[in-house]
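Here's the structure, in structure tokens; my notes come after.
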Amino acid sequence: MITAMRVMFVVLAFALVTMASRGYAQVAAPSKSTDAASLGLADLTDDLSRQQLFGEIKAADRKGNANETARAEEATQTFNLEGPFRFPGDTKYDTALDKPRVDAHFGVDVSHYTDSAFPFELLKARNVQFLYMKATQGVRGLDGKFAYFWKRAGDLPKGKQVHRGAYHFLSACQNTDCQLDPTDWGKRQADTFVKVIRANGGLLPTDMPPVVDLEWDKPTRAAPDRWQNYEAKDIAAVVDAFVTEVQTQLHRTPMIYTTRAWWNERMKELPITATMKRTPLWLADYSKSSRASEEPRTIGDAKWALWQFTDAGTMAVGFSDAFDTNIYKGSLPALYKTLEVDEFAG
């Protein structure tokens with residue numbers, strides 16, 4: 001009897017371990033309070049992935065660079081931030097300059113397009129400092145993996161913690177929503193984002209600042225950018241309203257994610273608003289020249305805080321798919337100060 005019980009215990013323990021090991025390879029069902037239906041939202045299914053939007057940036061770069069001589073020069077440059085970029089080796093050593101990296105801190109970002117087996121538990125060991133995840137889009141869209149990813153990041157044990165962050169993809173209005181004033185449209189999107197963040201426990205002092213993603217808003221790659229129906233001043237009004245409302249409700253200064261290629265198309269010569277000047281800037285720039293100089297092309301003379309330099313980051317061991325990769329250039333204390341983030345308790 002004792003032997004039989006021991007056998008049953010071993011079998012049960014093995015089953016539990018197996019289930020736990022497979023748990024991160026599956027999407028845990030959101031709790032009743034965080035799923036789309038409970039929040040009055042809809043799971044995102046047809047939004048463009050980061051890889052598809054990456055194509056928009058590359059196309060805009062090609063269109064804007066008609067100087068063949070400049071392109072020929074660019075092709076011969078040595079890339080310090082090589083793509084694909086591999087963790088952790090390339091985060092610690094600059095192979096182009098043949099020397100260790102200093103004052104460079106890296107982060108990644110994910111969405112429902114990212115495999116659920118993405119190894120959160122390995123990120124710290126791979127020299128990743130922060131992790132952003134998509135939360136919402138427009139006024140009705142919820143990333144179906146956000147609750148799962150957010151909790152996994154928040155549950156990382158001491159020594160494996162990375163600073164988590166959430167972003168909202170800002171959308172242009174559609175149909176009857178276009179009857180709203182741009183300021184009201186921005187506030188409504190902020191309310192959606194805040195509702196989802198609060199439903200998932202809110203922001204901790206160790207979390208990264210909330211982000212508004214401002215770029216091409218297309219239902220498909222072949223479709224026109226919905227922002228083309230806006231005047232630049234109205235786009236700015238939507239952004240300002242979103243930033244102001246999120247800051248008021250969550251008591252954190254949001255960061256703006258954008259790319260100069262889109263900005264030059266839609267915002268043209270419109271001066272950056274006072275509200276935007278108070279927000280940190282996260283730039284997407286995958287050009288060869290920027291990776292060679294390790295300096296992204298910014299908007300006007302705006303100072304950038306984070307730079308997304310490739311969508312082709314990889315891990316030497318632990319995950320085979322490519323993912324978005326970002327850098328903060330400066331000391332870790334400077335990162336905490338600039339982005340108003342607390343360190344994890346010792």
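Residue numbers start at 1 in each chain; chains themselves are named A, B, ... in the order of the structure tokens; ligands are numbered from 1 in the order shown.
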
Query - Nearby residues (only C-alpha atoms) at most 9 Å from Ala302 in chain A, same-chain spacing under 6 positions excluded, as a count of residues only - result: 3

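The gap separating CA of Gln129 in chain A from CA of Trp262 in chain A is 27.7 Å, in Å to one decimal.
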
Query raised in the report: If you count only C-alpha atoms, which residues fall within 9 Å of range 172-178 of chain A, apart from same-chain ones fewer than 6 positions away, as a list in words?
Result: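 The filter keeps Gly138, Trp185, Asp217, Asp225, Arg226, Trp227, Asn229, Tyr230, Ile235 and Val238 of chain A.
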
Report task. From the DSSP assignment of the backbone, select every residue of range 93-210 of chain A that is strand (DSSP E), and format the answer as a PyMOL selection string. Result -> chain A and resi 93-94+99-100+104-110+128-137+141-142+163-169

Resulting file, chosen residues, N, CA and C atoms, as a compact mmCIF listing (two decimals), in the first residue's frame:
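Wrote it out as selection-v1.txt, contents follow:
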```
# COMPACT_ATOMS: atom_id res chain seq x y z
N TYR A 93 29.25 43.48 -25.81
CA TYR A 93 30.48 43.72 -26.57
C TYR A 93 30.15 44.27 -27.94
N ASP A 94 30.82 45.36 -28.30
CA ASP A 94 30.66 46.00 -29.60
C ASP A 94 31.65 45.35 -30.56
N LYS A 99 35.34 46.31 -28.64
CA LYS A 99 35.51 46.72 -27.25
C LYS A 99 34.20 46.52 -26.48
N PRO A 100 34.29 46.41 -25.18
CA PRO A 100 33.07 46.22 -24.38
C PRO A 100 32.16 47.44 -24.49
N ALA A 104 25.02 51.36 -22.02
CA ALA A 104 24.04 50.93 -23.01
C ALA A 104 23.13 49.91 -22.34
N HIS A 105 21.83 50.19 -22.31
CA HIS A 105 20.88 49.32 -21.62
C HIS A 105 19.76 48.98 -22.59
N PHE A 106 19.40 47.71 -22.62
CA PHE A 106 18.55 47.19 -23.69
C PHE A 106 17.20 46.71 -23.18
N GLY A 107 16.21 46.82 -24.07
CA GLY A 107 14.88 46.36 -23.77
C GLY A 107 14.23 45.76 -25.00
N VAL A 108 13.15 45.04 -24.79
CA VAL A 108 12.42 44.41 -25.89
C VAL A 108 10.94 44.77 -25.76
N ASP A 109 10.19 44.56 -26.85
CA ASP A 109 8.75 44.79 -26.76
C ASP A 109 8.00 43.68 -27.49
N VAL A 110 6.80 43.36 -26.98
CA VAL A 110 6.03 42.22 -27.46
C VAL A 110 4.56 42.61 -27.62
N VAL A 128 18.65 41.99 -20.47
CA VAL A 128 17.51 42.84 -20.81
C VAL A 128 17.08 43.59 -19.55
N GLN A 129 16.91 44.89 -19.66
CA GLN A 129 16.54 45.71 -18.51
C GLN A 129 15.04 46.01 -18.46
N PHE A 130 14.40 46.11 -19.64
CA PHE A 130 12.98 46.48 -19.64
C PHE A 130 12.24 45.76 -20.75
N LEU A 131 10.93 45.64 -20.54
CA LEU A 131 10.06 44.90 -21.45
C LEU A 131 8.75 45.66 -21.62
N TYR A 132 8.46 46.05 -22.86
CA TYR A 132 7.19 46.72 -23.16
C TYR A 132 6.24 45.73 -23.82
N MET A 133 4.94 45.88 -23.55
CA MET A 133 3.93 45.03 -24.17
C MET A 133 2.74 45.87 -24.60
N LYS A 134 2.15 45.49 -25.72
CA LYS A 134 0.98 46.21 -26.22
C LYS A 134 -0.21 45.93 -25.33
N ALA A 135 -0.96 46.98 -25.00
CA ALA A 135 -2.14 46.83 -24.15
C ALA A 135 -3.42 47.07 -24.95
N THR A 136 -3.50 48.20 -25.63
CA THR A 136 -4.75 48.61 -26.25
C THR A 136 -4.51 49.32 -27.57
N GLN A 137 -5.61 49.47 -28.33
CA GLN A 137 -5.56 50.21 -29.59
C GLN A 137 -6.91 50.88 -29.81
N GLY A 141 -10.02 48.30 -28.79
CA GLY A 141 -9.14 47.17 -29.00
C GLY A 141 -8.30 46.80 -27.80
N LEU A 142 -8.29 45.52 -27.45
CA LEU A 142 -7.48 44.98 -26.35
C LEU A 142 -6.55 43.91 -26.89
N HIS A 163 11.99 45.64 -15.81
CA HIS A 163 11.00 46.71 -15.69
C HIS A 163 9.97 46.56 -16.82
N ARG A 164 8.73 46.36 -16.46
CA ARG A 164 7.69 46.16 -17.47
C ARG A 164 7.03 47.49 -17.83
N GLY A 165 6.51 47.56 -19.05
CA GLY A 165 5.82 48.76 -19.50
C GLY A 165 4.70 48.41 -20.45
N ALA A 166 3.72 49.30 -20.58
CA ALA A 166 2.56 49.07 -21.45
C ALA A 166 2.43 50.20 -22.45
N TYR A 167 1.99 49.86 -23.67
CA TYR A 167 1.78 50.92 -24.66
C TYR A 167 0.41 50.81 -25.31
N HIS A 168 -0.05 51.97 -25.76
CA HIS A 168 -1.32 52.09 -26.47
C HIS A 168 -1.05 52.53 -27.90
N PHE A 169 -1.66 51.85 -28.86
CA PHE A 169 -1.53 52.23 -30.26
C PHE A 169 -2.61 53.25 -30.57
```

Query raised in the report: Skipping near chain neighbours, those fewer than 5 positions away, what residues fall within 10 Å of Glu265 in chain A using only C-alpha atoms, listed as an MDAnalysis selection string?
Result: chainID A and resid 60 216 227:228 232 260
